[in-house]
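Okay, so here's the structure we're looking at.
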Amino acid sequence: MTAIERGLIALVVVPLVGLSWQALGGGSTHSVGDAWRWLAAEPALVQSLVLTFSVALASVVASLYFARWLCYQVVWKHRNQGLQLALLSVPHAALALGVLLLLGASGVLVRLLLSGSFVAEVPDYLFPKDPLGLGVLLVLVLKESVFLAVLAVPLALRLPVSQTVRVGCESGLSAWSSWCHLVWPRVVRWLSAPILVIFAFSLMNLEVTAVLGPDRPAFLSVRLLDWLSDPNPLIRQAGALAMLAVLVTLTAASLIYVRAVYHRVPGWHRVYKRRRAVLWALLWWFLGGVSVGGLISLLLWSGAGYWPVTEPWPSFNGRGWDGLGAQSAVWWETLRLGLMVACSAIVLAVLSLEWMAKRRMQRLSWVWWGLLWMPALPLSAGLLATMGWIGLSPGWTAVWLGHLLIAWPYAVVVLADTWLSRPESARRVLAESGVNSVHALLRIWLPLHSPVIGLAFAVAFSVSASLYTQTLLLGGGRVETLMTELVISLHSDRRVASAAALVNAALPMALFFGVTFLGRRMWRHRLGMQGGARA
Amino acid sequence: MTRWMSFGVGLLLSLNAWATPWSQIESEARGQTVYFYAWGGSPQINAYIDRWAEKAEQQYGMTVRHVKVEDIATVITGIQTARLTGQSETGGPDLLWINGENFARMKREQLLGSPFVSELPNANGLDLDAPANAFDFSIPTEGLEMPWGRAQLVWLYDRARTTHPPKSLEALLTYAENNPGTVTYPEPPNFHGTTFLKQAVLETTAYPKWLSEPFQPERLDSVTENLWPLLDALHAVAWRQGREFPDSAEALLELFADGVLDIALSFNPNEASNRILEGQLPSTVRTYVHDAGSIGNTHFVAIPFNASARAGALVWANMLLSPSAQAEKSDPAVWGDPTVLAMDRLDPESRALFDAIGLGPATLSPEALGNPLPEPHASWTEPLEQAWRQRYLSASQ
């Protein structure tokens with residue numbers, strides 16, 4: 001294990017120390033037994049647990065199926081990945097709010113149906129805040145399938161896809177069936193770390209569950225945040241204890257996956273010779289339609305005045321934009337923080353990858369995924385408890401470091417495949433020519449990898465723009481971003497929340513398309529650099 | 001007794017004035033940054049605070065940063081940690097917008113600084129002996145928090161849809177039975193949900209006096225014996241059959257604005273007018289209170305023990321209490337939060353500021369609003385919330 005990896009493990013362990021200190025009674029006069037008893041008396045806790053774990057599991061399985069189709073579209077059908085990147089850049093909370101405003105019982109869709117006399121009155125259905133968490137599942141699948149697909153494409157490109165599919169077709173399988181049975185299982189094996197990351201995220205995210213999750217009872221992450229921020233020390237202690245229990249369960253689930261399920265992935269599939277891709281295409285376009293409809297709903301509500309449910313369109317007075325426009329400092333703070341985090345993450349990622357490349361490391365260690373696997377809530381709560389323990393104050397620097405802790409591994413993950421697969425011959429030529437490593441980095445590797453660096457920069461910015469828990473807890477509430485603005489307005493003013501969500505989605509999206517455009521423009525005379533922006 | 005209290009407050013005022021001249025506090029405040037932690041969910045309130053923060057910078061050369069929070073209880077956790085780890089003057093709030101059980105907890109756990117209200121020149125406009133200022137949810141304030149505004153529960157209805165609004169909890173149940181799915185309330189422990197619960201308890205209990213006394217567990221069942229059957233019946237005909245509740249009063253108001261609900265509630269008597277003027281509600285919306293009266297309280301600002309800019313916090317609090325700031329705040333077109341200043345203590349020029357503000361289109365006159373019912377003792381809040389959660393959250397299993 002390298003020094004960097006040991007440092008990363010320490011970064012994961014340190015928050016756990018703070019969390020354990022709190023769980024064992026630090027800052028409270030109560031015993032661990034008291035905290036357990038309090039938890040045991042909490043109403044509907046079992047229901048919360050079942051809901052949380054089943055939605056997390058379902059979202060991972062469904063995302064894998066959609067990622068399989070998306071990856072097929074890019075690798076085999078050579079479809080453009082632009083829409084996927086656009087969806088990837090939309091923060092979870094913004095998309096969740098859009099879905100709420102679109103599909104809610106008095107949402108935009110119902111308003112259109114009512115005004116067209118397709119339904120007589122406002123239907124009384126519990127969606128998206130349904131007790132089964134289907135609304136949460138929908139948004140998680142939308143986001144995580146794209147995330148998996150973006151990571152799966154370069155992995156699939158390592159394989160001899162054309163030959164494999166051709167062999168499948170000669171054996172009587174369709175191209176899609178060949179992809180499903182011969183190519184995808186091998187890709188999934190390499191995706192085990194991202195799969196565990198999205199499982200952990202689905203389990204503990206607040207961004208989606210707080211918006212679309214049911215209230216009675218709420219998802220575990222929502223309840224954990226309430227407990228961990230309660231002024232009653234006993235409840236805080238119980239929250240820390242519950243958080244540790246969840247982490248232990250998550251670790252056990254991850255080990256079971258790696259040891260047992262992972263080795264059986266290819267065996268899951270029964271061979272369907274004429275498996276049809278059209279079902280997945282339809283389902284995906286339905287999900288895509290929901291996303292676009294959600295963004296349109298945000299746009300409508302951000303400018304809406306009075307809008308009774310029987311009217312298909314609102315009267316516009318732009319109040320949401322007035323409210324957000326007055327907060328220009330929040331816009332700048334989001335930009336400043338995002339750019340600082342992205343710049344630092346890229347510098348750190350390039351330095352760490354260069355260090356690995358020098359040591360001829362070909363693959364990324366699992367430790368890099370460890371930080372992404374660690375759910376935001378325990379990571380932030382643990383860091384906060386540790387900061388309190390050693391007497392540090394929350395603030396901008398703590399937020400920047402908290403964001404960097406997530407954005408840095410993301411940047412490494414995006415860059416690693418390209419960086420670590422340098423041809424040996426190139427190394428040899430550079431060494432024989434007497435080019436020193438700094439010179440090689442600045443004059444050769446950075447320009448060569450610039451398209452993917454641009455993408456990693458956009459990903460790091462997008463990560464910063466979408467982080468809520470870290471910003472709230474580590475900033476002590478003093479650091480305001482569009483995401484905190486969105487969450488504060490979420491339950492009080494849907495117009496301002498919609499405007500904040502739109503801008504929060506537009507900034508990273510613009511950056512994604514900006515770096516892609518710049519990459520193409522910079523290298524327009526170099527054919528080999530045209531498609532390099534794939535992660 | 002009242003005379004003695006007035007004498008005491010007067011004495012404190014003069015002693016403080018002697019101890020630290022206000023001009024010295026103002027010069028200390030110059031250059032300081034005051035972190036004002038306050039609920040940030042309303043663009044109108046945020047804009048009001050920002051406007052006065054700008055004035056504070058111009059007049060006193062200090063910076064006021066409004067730290068927007070969703071629930072002030074979460075901020076108290078940080079102050080507790082600071083107390084626990086012996087930190088002072090680092091990273092915490094300088095002034096907090098609080099009341100009720102949060103104040104009770106901060107006072108009990110000694111998280112507040114020394115009494116400060118008597119130090120403020122604008123406190124002359126306050127009637128500090130009035131129960132609304134001297135007590136917060138039955139807990140003596142003792143100058144540890146400054147009254148900032150008043151709240152009283154009002155109900156909203158649309159004249160175009162509802163001709164006879166229900167003016168009691170029983171009438172609300174009957175209304176819901178006749179119009180299923182059109183009535184609900186925010187989910188406790190949300191602040192407004194808990195307020196609804198307290199109003200319901202006050203209207204239904206046979207032991208109202210017990211509610212003004214500190215909580216005793218053996219009294220809970222007796223106090224709530226009429227409440228639960230009524231809520232059970234209400235939930236059966238409520239919006240989504242009581243399987244879901246809005247997260248907040250604002251979410252409730254949005255459902256009301258959509259036309260999904262017929263009745264909404266607010267803790268600000270001017271909120272309906274404000275929303276009509278903002279173009280969020282139709283002009284036919286009006287407010288009313290229940291025949292038994294409606295719960296009311298005062299909201300305050302307080303300085304925690306570890307404030308790093310105490311002088312700045314004092315100057316900022318004094319600004320918020322000035323007649324011009326209070327008058328602007330009570331204007332329905334701005335925020336509509338009723339003033340805490342006593343009109344008979346103001347000079348004619350300051351009184352004129354308030355006289356110039358008209359009642360909003362949906363605001364009740366003081367006579368129609370009536371005297372507010374006092375909040376139950378702060379110690380009742382958590383047991384009531386817990387009992388509600390045990391009953392209705394467990395039922396969903």
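Within each chain, counting starts at residue 1; across the structure tokens, chains are named A, B, ... in the order shown, with ligands numbered 1 upward in that order.
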
Counting only C-alpha atoms, which residues in chain A sit no more than 8 Å from chain B? For each one, give the nearest pair of atoms and the distance in Å, sorted by chain then residue number, as CSV.
residue,atom,partner,partner_atom,distance
A:Gly27,CA,B:Leu84,CA,6.5
A:Glu42,CA,B:Gln390,CA,7.9
A:Pro43,CA,B:Ser394,CA,5.0
A:Ala44,CA,B:Ser394,CA,5.4
A:Gln47,CA,B:Gln397,CA,6.4
A:Ser106,CA,B:Asp258,CA,7.3
A:Val122,CA,B:Val260,CA,7.2
A:Asp124,CA,B:Arg240,CA,6.3
A:Tyr125,CA,B:Arg240,CA,7.6
A:Leu126,CA,B:Arg240,CA,7.6
A:Pro214,CA,B:Glu244,CA,7.7
A:Asp215,CA,B:Glu244,CA,6.6
A:Arg216,CA,B:Leu393,CA,5.9
A:Pro217,CA,B:Leu393,CA,6.5
A:Ser229,CA,B:Thr74,CA,5.1
A:Asp230,CA,B:Thr74,CA,6.0
A:Pro231,CA,B:Thr77,CA,4.8
A:Asn232,CA,B:Thr77,CA,8.0
A:Gly305,CA,B:Gln280,CA,5.7
A:Tyr306,CA,B:Gln280,CA,4.5
A:Trp307,CA,B:Asp258,CA,6.4
A:Pro308,CA,B:Asp258,CA,4.3
A:Val309,CA,B:Asp258,CA,4.8
A:Gly323,CA,B:Pro43,CA,5.4
A:Ala326,CA,B:Ala47,CA,7.5
A:Gly388,CA,B:Thr81,CA,6.7
A:Trp389,CA,B:Thr85,CA,7.0
A:Gly391,CA,B:Thr85,CA,6.8
A:Ser393,CA,B:Gly91,CA,5.4
A:Pro394,CA,B:Gly91,CA,6.3
A:Gly395,CA,B:Gly91,CA,7.1
A:Gly476,CA,B:Gly91,CA,7.7
A:Gly477,CA,B:Val67,CA,6.2
A:Arg478,CA,B:Val67,CA,5.5
A:Ile488,CA,B:Gly41,CA,5.6
A:Ser489,CA,B:Gly41,CA,5.1
A:His491,CA,B:Ala251,CA,6.0
A:Ser492,CA,B:Glu250,CA,4.7
A:Asp493,CA,B:Gly41,CA,6.9
A:Val496,CA,B:Pro43,CA,7.8

Please produce a file of those selected residues containing C-alpha atoms, as a PDB file, in the first residue's frame.
ATOM      1  CA  GLY A  27     -20.667  15.294  24.719  1.00  0.00           C
ATOM      2  CA  GLU A  42     -38.415   5.268  17.992  1.00  0.00           C
ATOM      3  CA  PRO A  43     -41.637   4.664  16.069  1.00  0.00           C
ATOM      4  CA  ALA A  44     -41.544   3.038  12.626  1.00  0.00           C
ATOM      5  CA  GLN A  47     -40.203   0.438   8.353  1.00  0.00           C
ATOM      6  CA  SER A 106     -50.979  19.044  -8.022  1.00  0.00           C
ATOM      7  CA  VAL A 122     -57.086  16.713  -8.423  1.00  0.00           C
ATOM      8  CA  ASP A 124     -55.488  11.869  -4.478  1.00  0.00           C
ATOM      9  CA  TYR A 125     -52.379   9.830  -5.131  1.00  0.00           C
ATOM     10  CA  LEU A 126     -49.261   9.618  -3.029  1.00  0.00           C
ATOM     11  CA  PRO A 214     -42.336   9.820   2.217  1.00  0.00           C
ATOM     12  CA  ASP A 215     -42.755  11.480   5.607  1.00  0.00           C
ATOM     13  CA  ARG A 216     -44.388   8.699   7.589  1.00  0.00           C
ATOM     14  CA  PRO A 217     -41.887   7.302   8.076  1.00  0.00           C
ATOM     15  CA  SER A 229     -28.501  17.785  14.634  1.00  0.00           C
ATOM     16  CA  ASP A 230     -30.912  17.560  17.559  1.00  0.00           C
ATOM     17  CA  PRO A 231     -30.101  19.803  20.531  1.00  0.00           C
ATOM     18  CA  ASN A 232     -30.819  16.880  22.883  1.00  0.00           C
ATOM     19  CA  GLY A 305     -47.161  34.182 -10.074  1.00  0.00           C
ATOM     20  CA  TYR A 306     -50.562  32.955  -8.899  1.00  0.00           C
ATOM     21  CA  TRP A 307     -51.184  29.543 -10.467  1.00  0.00           C
ATOM     22  CA  PRO A 308     -54.315  27.673  -9.379  1.00  0.00           C
ATOM     23  CA  VAL A 309     -54.322  23.974 -10.104  1.00  0.00           C
ATOM     24  CA  GLY A 323     -35.766  36.372  -4.746  1.00  0.00           C
ATOM     25  CA  ALA A 326     -31.190  39.519  -4.757  1.00  0.00           C
ATOM     26  CA  GLY A 388     -15.317  19.856  17.597  1.00  0.00           C
ATOM     27  CA  TRP A 389     -13.146  17.364  19.415  1.00  0.00           C
ATOM     28  CA  GLY A 391     -11.364  22.564  18.757  1.00  0.00           C
ATOM     29  CA  SER A 393     -14.413  25.904  13.884  1.00  0.00           C
ATOM     30  CA  PRO A 394     -16.699  25.291  10.919  1.00  0.00           C
ATOM     31  CA  GLY A 395     -16.327  27.738   8.032  1.00  0.00           C
ATOM     32  CA  GLY A 476     -21.792  25.856  10.204  1.00  0.00           C
ATOM     33  CA  GLY A 477     -24.494  27.400   7.988  1.00  0.00           C
ATOM     34  CA  ARG A 478     -22.256  30.379   7.122  1.00  0.00           C
ATOM     35  CA  ILE A 488     -33.760  26.149   2.456  1.00  0.00           C
ATOM     36  CA  SER A 489     -36.394  27.292  -0.036  1.00  0.00           C
ATOM     37  CA  HIS A 491     -40.161  23.553   1.920  1.00  0.00           C
ATOM     38  CA  SER A 492     -41.049  27.218   1.963  1.00  0.00           C
ATOM     39  CA  ASP A 493     -40.982  28.791  -1.490  1.00  0.00           C
ATOM     40  CA  VAL A 496     -37.182  30.544  -5.376  1.00  0.00           C
TER      41      VAL A 496
END

Can you list, as a PyMOL selection string, all residues belonging to stretch 229-349 of chain B that DSSP tags as alpha helix (DSSP H)? chain B and resi 229-237+249-258+271-277+310-320+323-330+348-349

Prev. selection, C-alpha atoms, output as a compact mmCIF listing (two decimals), in the first residue's frame:
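In the end it all went to out10.txt:
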# COMPACT_ATOMS: atom_id res chain seq x y z
CA PRO B 229 -60.30 11.06 19.17
CA LEU B 230 -60.82 14.38 17.41
CA LEU B 231 -57.56 14.12 15.45
CA ASP B 232 -58.28 10.46 14.61
CA ALA B 233 -61.60 11.50 13.10
CA LEU B 234 -60.03 14.49 11.32
CA HIS B 235 -57.25 12.40 9.77
CA ALA B 236 -59.79 9.98 8.30
CA VAL B 237 -61.28 12.79 6.18
CA ALA B 249 -46.95 25.99 6.92
CA GLU B 250 -45.46 27.29 3.67
CA ALA B 251 -46.10 23.96 1.96
CA LEU B 252 -49.64 24.06 3.37
CA LEU B 253 -50.10 27.56 1.95
CA GLU B 254 -48.90 26.39 -1.44
CA LEU B 255 -51.51 23.62 -1.48
CA PHE B 256 -54.07 26.23 -0.46
CA ALA B 257 -52.89 28.54 -3.27
CA ASP B 258 -53.19 25.65 -5.73
CA GLU B 271 -49.27 36.70 5.79
CA ALA B 272 -52.42 36.39 3.66
CA SER B 273 -52.32 40.10 2.82
CA ASN B 274 -48.64 39.87 2.03
CA ARG B 275 -49.23 36.95 -0.34
CA ILE B 276 -52.15 38.69 -2.02
CA LEU B 277 -49.96 41.75 -2.61
CA ARG B 310 -21.21 41.06 21.14
CA ALA B 311 -20.99 44.82 20.64
CA GLY B 312 -22.02 44.43 17.00
CA ALA B 313 -24.85 42.12 18.02
CA LEU B 314 -26.12 44.73 20.50
CA VAL B 315 -26.05 47.49 17.90
CA TRP B 316 -27.78 45.24 15.33
CA ALA B 317 -30.46 44.20 17.85
CA ASN B 318 -31.01 47.86 18.72
CA MET B 319 -31.46 48.67 15.03
CA LEU B 320 -34.01 45.89 14.66
CA PRO B 323 -39.35 52.36 15.33
CA SER B 324 -38.45 52.68 11.64
CA ALA B 325 -37.27 49.05 11.38
CA GLN B 326 -40.29 47.83 13.34
CA ALA B 327 -42.69 49.91 11.24
CA GLU B 328 -41.22 48.67 7.98
CA LYS B 329 -41.40 45.09 9.26
CA SER B 330 -45.06 45.39 10.16
CA PRO B 348 -45.54 61.24 17.89
CA GLU B 349 -43.10 61.06 14.99

Counting only C-alpha atoms, what is within 12 Å of B:Pro374, bar same-chain residues fewer than 3 positions away, as a ChimeraX atom specification? /B:100,131-133,135-139,151-153,195,198-199,202,208-209,211-213,293-298,371,377-378

How would the residues just chosen look if you wrote them out with C-alpha atoms as a PDB file, in the first residue's frame?
ATOM      1  CA  GLY B 100     -40.101  28.820  22.951  1.00  0.00           C
ATOM      2  CA  PRO B 131     -46.323  39.150  29.852  1.00  0.00           C
ATOM      3  CA  ALA B 132     -45.723  38.782  26.097  1.00  0.00           C
ATOM      4  CA  ASN B 133     -42.266  40.341  26.575  1.00  0.00           C
ATOM      5  CA  PHE B 135     -42.226  35.494  29.388  1.00  0.00           C
ATOM      6  CA  ASP B 136     -41.470  33.201  26.481  1.00  0.00           C
ATOM      7  CA  PHE B 137     -43.681  30.093  26.592  1.00  0.00           C
ATOM      8  CA  SER B 138     -44.084  30.754  30.337  1.00  0.00           C
ATOM      9  CA  ILE B 139     -40.290  30.983  30.857  1.00  0.00           C
ATOM     10  CA  ALA B 151     -47.194  36.038  16.100  1.00  0.00           C
ATOM     11  CA  GLN B 152     -50.781  34.891  16.347  1.00  0.00           C
ATOM     12  CA  LEU B 153     -52.334  31.895  14.693  1.00  0.00           C
ATOM     13  CA  THR B 195     -48.519  25.111  17.009  1.00  0.00           C
ATOM     14  CA  LYS B 198     -51.077  23.193  20.890  1.00  0.00           C
ATOM     15  CA  GLN B 199     -54.080  25.127  19.593  1.00  0.00           C
ATOM     16  CA  LEU B 202     -56.020  24.322  24.217  1.00  0.00           C
ATOM     17  CA  PRO B 208     -56.093  24.369  30.361  1.00  0.00           C
ATOM     18  CA  LYS B 209     -54.399  25.616  33.536  1.00  0.00           C
ATOM     19  CA  LEU B 211     -50.659  23.680  30.273  1.00  0.00           C
ATOM     20  CA  SER B 212     -49.233  26.890  31.718  1.00  0.00           C
ATOM     21  CA  GLU B 213     -47.377  24.896  34.355  1.00  0.00           C
ATOM     22  CA  GLY B 293     -59.283  32.546  20.487  1.00  0.00           C
ATOM     23  CA  SER B 294     -55.984  31.644  18.914  1.00  0.00           C
ATOM     24  CA  ILE B 295     -52.560  30.920  20.240  1.00  0.00           C
ATOM     25  CA  GLY B 296     -50.039  33.725  20.073  1.00  0.00           C
ATOM     26  CA  ASN B 297     -46.502  34.436  21.124  1.00  0.00           C
ATOM     27  CA  THR B 298     -43.579  36.734  20.743  1.00  0.00           C
ATOM     28  CA  ASN B 371     -56.149  38.691  22.702  1.00  0.00           C
ATOM     29  CA  HIS B 377     -45.271  26.053  29.052  1.00  0.00           C
ATOM     30  CA  ALA B 378     -42.186  25.261  26.910  1.00  0.00           C
TER      31      ALA B 378
END

If you count only C-alpha atoms, which residues fall within 10 Å of A:Leu234, apart from same-chain ones fewer than 3 positions away, as a PDB file with N, CA and C atoms, in the first residue's frame?
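Output contents, as saved in around-v1.pdb:
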ATOM      1  N   GLN A  22     -18.706  10.355  19.618  1.00  0.00           N
ATOM      2  CA  GLN A  22     -20.062  10.831  19.898  1.00  0.00           C
ATOM      3  C   GLN A  22     -20.975   9.658  20.286  1.00  0.00           C
ATOM      4  N   ALA A  23     -20.846   8.545  19.562  1.00  0.00           N
ATOM      5  CA  ALA A  23     -21.714   7.377  19.816  1.00  0.00           C
ATOM      6  C   ALA A  23     -21.460   6.784  21.205  1.00  0.00           C
ATOM      7  N   GLY A  25     -20.703   8.378  23.800  1.00  0.00           N
ATOM      8  CA  GLY A  25     -21.148   9.247  24.877  1.00  0.00           C
ATOM      9  C   GLY A  25     -20.374  10.536  25.002  1.00  0.00           C
ATOM     10  N   GLY A  27     -19.722  14.183  24.813  1.00  0.00           N
ATOM     11  CA  GLY A  27     -20.667  15.294  24.719  1.00  0.00           C
ATOM     12  C   GLY A  27     -22.028  14.972  25.282  1.00  0.00           C
ATOM     13  N   SER A  28     -22.161  13.813  25.925  1.00  0.00           N
ATOM     14  CA  SER A  28     -23.454  13.439  26.497  1.00  0.00           C
ATOM     15  C   SER A  28     -23.208  12.773  27.845  1.00  0.00           C
ATOM     16  N   THR A  29     -24.185  12.871  28.718  1.00  0.00           N
ATOM     17  CA  THR A  29     -24.016  12.232  30.025  1.00  0.00           C
ATOM     18  C   THR A  29     -24.694  10.859  30.035  1.00  0.00           C
ATOM     19  N   HIS A  30     -25.184  10.448  28.877  1.00  0.00           N
ATOM     20  CA  HIS A  30     -25.925   9.186  28.805  1.00  0.00           C
ATOM     21  C   HIS A  30     -25.019   8.031  28.396  1.00  0.00           C
ATOM     22  N   SER A  31     -25.458   6.827  28.762  1.00  0.00           N
ATOM     23  CA  SER A  31     -24.679   5.643  28.404  1.00  0.00           C
ATOM     24  C   SER A  31     -25.097   5.146  27.018  1.00  0.00           C
ATOM     25  N   VAL A  32     -24.304   4.231  26.481  1.00  0.00           N
ATOM     26  CA  VAL A  32     -24.629   3.648  25.176  1.00  0.00           C
ATOM     27  C   VAL A  32     -25.973   2.908  25.257  1.00  0.00           C
ATOM     28  N   ASP A  34     -28.532   3.701  27.089  1.00  0.00           N
ATOM     29  CA  ASP A  34     -29.621   4.697  27.003  1.00  0.00           C
ATOM     30  C   ASP A  34     -29.918   5.024  25.543  1.00  0.00           C
ATOM     31  N   ALA A  35     -28.827   5.212  24.788  1.00  0.00           N
ATOM     32  CA  ALA A  35     -28.999   5.583  23.373  1.00  0.00           C
ATOM     33  C   ALA A  35     -29.688   4.454  22.594  1.00  0.00           C
ATOM     34  N   TRP A  36     -29.291   3.206  22.873  1.00  0.00           N
ATOM     35  CA  TRP A  36     -29.943   2.064  22.204  1.00  0.00           C
ATOM     36  C   TRP A  36     -31.420   2.014  22.555  1.00  0.00           C
ATOM     37  N   TRP A  38     -33.310   4.444  23.450  1.00  0.00           N
ATOM     38  CA  TRP A  38     -34.019   5.536  22.781  1.00  0.00           C
ATOM     39  C   TRP A  38     -34.317   5.141  21.334  1.00  0.00           C
ATOM     40  N   LEU A  39     -33.302   4.550  20.686  1.00  0.00           N
ATOM     41  CA  LEU A  39     -33.500   4.132  19.286  1.00  0.00           C
ATOM     42  C   LEU A  39     -34.585   3.069  19.183  1.00  0.00           C
ATOM     43  N   TRP A 227     -31.659  13.441  13.866  1.00  0.00           N
ATOM     44  CA  TRP A 227     -31.106  13.002  15.154  1.00  0.00           C
ATOM     45  C   TRP A 227     -29.738  13.631  15.412  1.00  0.00           C
ATOM     46  N   LEU A 228     -28.893  13.626  14.366  1.00  0.00           N
ATOM     47  CA  LEU A 228     -27.525  14.121  14.557  1.00  0.00           C
ATOM     48  C   LEU A 228     -27.474  15.623  14.804  1.00  0.00           C
ATOM     49  N   ASP A 230     -29.970  17.236  16.487  1.00  0.00           N
ATOM     50  CA  ASP A 230     -30.912  17.560  17.559  1.00  0.00           C
ATOM     51  C   ASP A 230     -30.168  18.184  18.749  1.00  0.00           C
ATOM     52  N   PRO A 231     -30.773  19.203  19.367  1.00  0.00           N
ATOM     53  CA  PRO A 231     -30.101  19.803  20.531  1.00  0.00           C
ATOM     54  C   PRO A 231     -30.023  18.858  21.736  1.00  0.00           C
ATOM     55  N   GLN A 237     -26.483  11.325  20.372  1.00  0.00           N
ATOM     56  CA  GLN A 237     -25.689  10.118  20.616  1.00  0.00           C
ATOM     57  C   GLN A 237     -26.339   8.910  19.917  1.00  0.00           C
ATOM     58  N   ALA A 238     -27.665   8.825  20.039  1.00  0.00           N
ATOM     59  CA  ALA A 238     -28.392   7.730  19.392  1.00  0.00           C
ATOM     60  C   ALA A 238     -28.210   7.804  17.877  1.00  0.00           C
ATOM     61  N   GLY A 239     -28.203   9.025  17.329  1.00  0.00           N
ATOM     62  CA  GLY A 239     -27.999   9.210  15.896  1.00  0.00           C
ATOM     63  C   GLY A 239     -26.624   8.704  15.467  1.00  0.00           C
ATOM     64  N   ALA A 240     -25.608   9.047  16.253  1.00  0.00           N
ATOM     65  CA  ALA A 240     -24.238   8.600  15.922  1.00  0.00           C
ATOM     66  C   ALA A 240     -24.145   7.078  15.988  1.00  0.00           C
TER      67      ALA A 240
END
